[in-house]
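Working notes, beginning with the structure itself.
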Amino acid sequence: MVVAVAIGGFCVQLDAFALNMALPVIRRDLHVSAVGGPWVISGYLLAAGALMPAAGRLGDLYGRRRLLLFGLALFGGTSAGCAMAPSLPLLVVFRVMQGAGGALVMPVGLALLTRSFPPGRARVATGYALGLAGLATACGPFVGGVLAEELSWRAVFWVNVPLCAVAMLCAGRVVEPRGGVKLGGGVEPRGGHPWA
């Protein structure tokens with residue numbers, strides 16, 4: 001679970017920051033005006049910010065592991081859509097959907113971590129996951145700029161597809177804890193591999 005949440009958080013944060021440096025290349029390639037270009041970034045951030053508060057409640061209703069898998073699938077699938085988008089309107093639509101996927105991945109994944117380990121280990125696991133996400137925040141603009149200039153702005157989105165697939169495989173191996181044995185106030189997972 002740690003690997004799944006860490007990779008998911010990395011992808012979400014990378015796409016929040018990598019497009020800033022790639023935006024001029026996107027505008028040039030898609031013949032976008034200076035006014036329309038920022039929607040590539042704003043659409044993603046607005047969707048993620050608006051839906052993130054509801055993610056916890058959705059996790060309670062439908063299951064956190066199931067919602068994490070759905071969020072990863074949505075994020076990875078719409079990343080591929082962004083990479084293949086032929087025009088700005090379609091790119092913005094896919095970016096909004098990508099933001100919705102990201103809004104599920106982070107809060108639901110972190111909630112799963114806190115439920116899958118005793119308190120002490122949960123803090124360590126959460127630290128690993130947030131540390132990798134923080135790395136993406138720090139290096140996102142640099143990575144986005146290099147990929148856009150050396151390869152293509154579309155490569156920024158293609159990076160997410162295999163990463164989300166790996167995260168889904170890891171999350172799929174974990175059994176979501178449902179009232180397991182208490183260990184110092186935490187919940188012991190029943191089966192599965194929480195570090196997957």
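We name chains A, B, ... following the order of the structure tokens; residues begin at 1 in each chain, and ligands are numbered from 1 as shown.
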All strand (DSSP E) positions in range 7-195 of chain A, as a ChimeraX atom specification: /A:182-183,186-187
Any idea what's packed within 7 Å of range 40-52 of chain A, counting only C-alpha atoms, ignoring anything in its chain fewer than 2 positions away? Could you give it as a compact mmCIF listing (two decimals) with C-alpha atoms, in the first residue's frame?
```txt
# COMPACT_ATOMS: atom_id res chain seq x y z
CA LEU A 19 2.96 21.84 -16.67
CA GLY A 37 -3.26 28.44 -22.11
CA PRO A 38 -3.55 28.79 -18.30
CA ALA A 54 -15.64 14.81 -0.70
CA ALA A 55 -13.10 12.01 -1.19
CA LEU A 91 -6.79 18.84 -23.31
CA VAL A 92 -8.62 20.94 -20.72
CA ARG A 95 -7.09 17.75 -17.36
CA VAL A 96 -10.29 18.36 -15.37
CA GLN A 98 -7.30 14.03 -14.33
CA GLY A 99 -7.73 16.44 -11.45
CA ALA A 100 -10.79 14.48 -10.32
CA GLY A 102 -5.98 13.04 -8.30
CA ALA A 103 -8.55 14.29 -5.79
CA LEU A 104 -9.34 10.66 -4.94
```
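Using only C-alpha atoms, the shortest contact distance between Leu112 in chain A and any of A:Val124, A:Arg64, A:Cys164, A:Gly134 is found at A:Arg64.
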Those in chain A with helix (DSSP H, G or I) from DSSP, as a PyMOL selection string: chain A and resi 2-17+19-30+39-62+64-84+88-116+119-150+154-158+160-172
Using only C-alpha atoms: which of A:Ala165, A:Met84, A:Leu67, A:Ala122 has the shortest distance to Gly109 in chain A: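 Looking only at the distances to Gly109 in chain A, the closest residue turns out to be A:Leu67.
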Computed interatomic separation between CA of Val143 in chain A and CA of Val25 in chain A (Å): 13.7 Å
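In this model, the gap between CA of Ala155 in chain A and CA of Val32 in chain A comes to 18.8 Å.
Using only C-alpha atoms, the smallest distance between any of A:Leu58, A:Ala85, A:Val5, A:Val108 and Cys170 in chain A comes from A:Val5.
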Proximity to Val166 in chain A - best of A:Gly63, A:Gly76, A:Gly81, A:Pro107, only C-alpha atoms: A:Gly76
Residues near Gly8 in chain A, cut-off 7 Å, only C-alpha atoms, skip fewer than 6 positions along chain, as a list in words: Leu72, Val105, Cys164 and Ala167 of chain A
Include N, CA, C and O atoms and write out the residues we just selected as a PDB file, in the first residue's frame.
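What ended up in result_7.pdb:
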```
ATOM      1  N   LEU A  72      -6.699   5.939  -9.328  1.00  0.00           N
ATOM      2  CA  LEU A  72      -5.486   5.662 -10.097  1.00  0.00           C
ATOM      3  C   LEU A  72      -5.813   5.357 -11.553  1.00  0.00           C
ATOM      4  O   LEU A  72      -5.119   5.815 -12.473  1.00  0.00           O
ATOM      5  N   VAL A 105      -7.012  10.055  -5.176  1.00  0.00           N
ATOM      6  CA  VAL A 105      -5.801   9.288  -4.846  1.00  0.00           C
ATOM      7  C   VAL A 105      -5.192   9.714  -3.516  1.00  0.00           C
ATOM      8  O   VAL A 105      -4.907   8.867  -2.653  1.00  0.00           O
ATOM      9  N   CYS A 164       0.993   4.717 -12.881  1.00  0.00           N
ATOM     10  CA  CYS A 164      -0.327   4.419 -12.325  1.00  0.00           C
ATOM     11  C   CYS A 164      -0.639   2.926 -12.431  1.00  0.00           C
ATOM     12  O   CYS A 164      -1.290   2.360 -11.546  1.00  0.00           O
ATOM     13  N   ALA A 167       1.159   1.296  -9.580  1.00  0.00           N
ATOM     14  CA  ALA A 167       0.474   1.619  -8.330  1.00  0.00           C
ATOM     15  C   ALA A 167      -0.802   0.797  -8.183  1.00  0.00           C
ATOM     16  O   ALA A 167      -1.130   0.324  -7.090  1.00  0.00           O
TER      17      ALA A 167
END
```
From A:Ala171, A:Leu68, A:Ala148, A:Ala138, residue lying nearest Ala4 in chain A [only C-alpha atoms]: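 Of A:Ala171, A:Leu68, A:Ala148, A:Ala138, the one nearest Ala4 in chain A is A:Ala171, counting only C-alpha atoms.
Of the listed residues A:Gly127, A:Leu132, A:Phe17, A:Val2, the one whose atoms come nearest to Arg173 in chain A is A:Val2, with distances taken using only C-alpha atoms.
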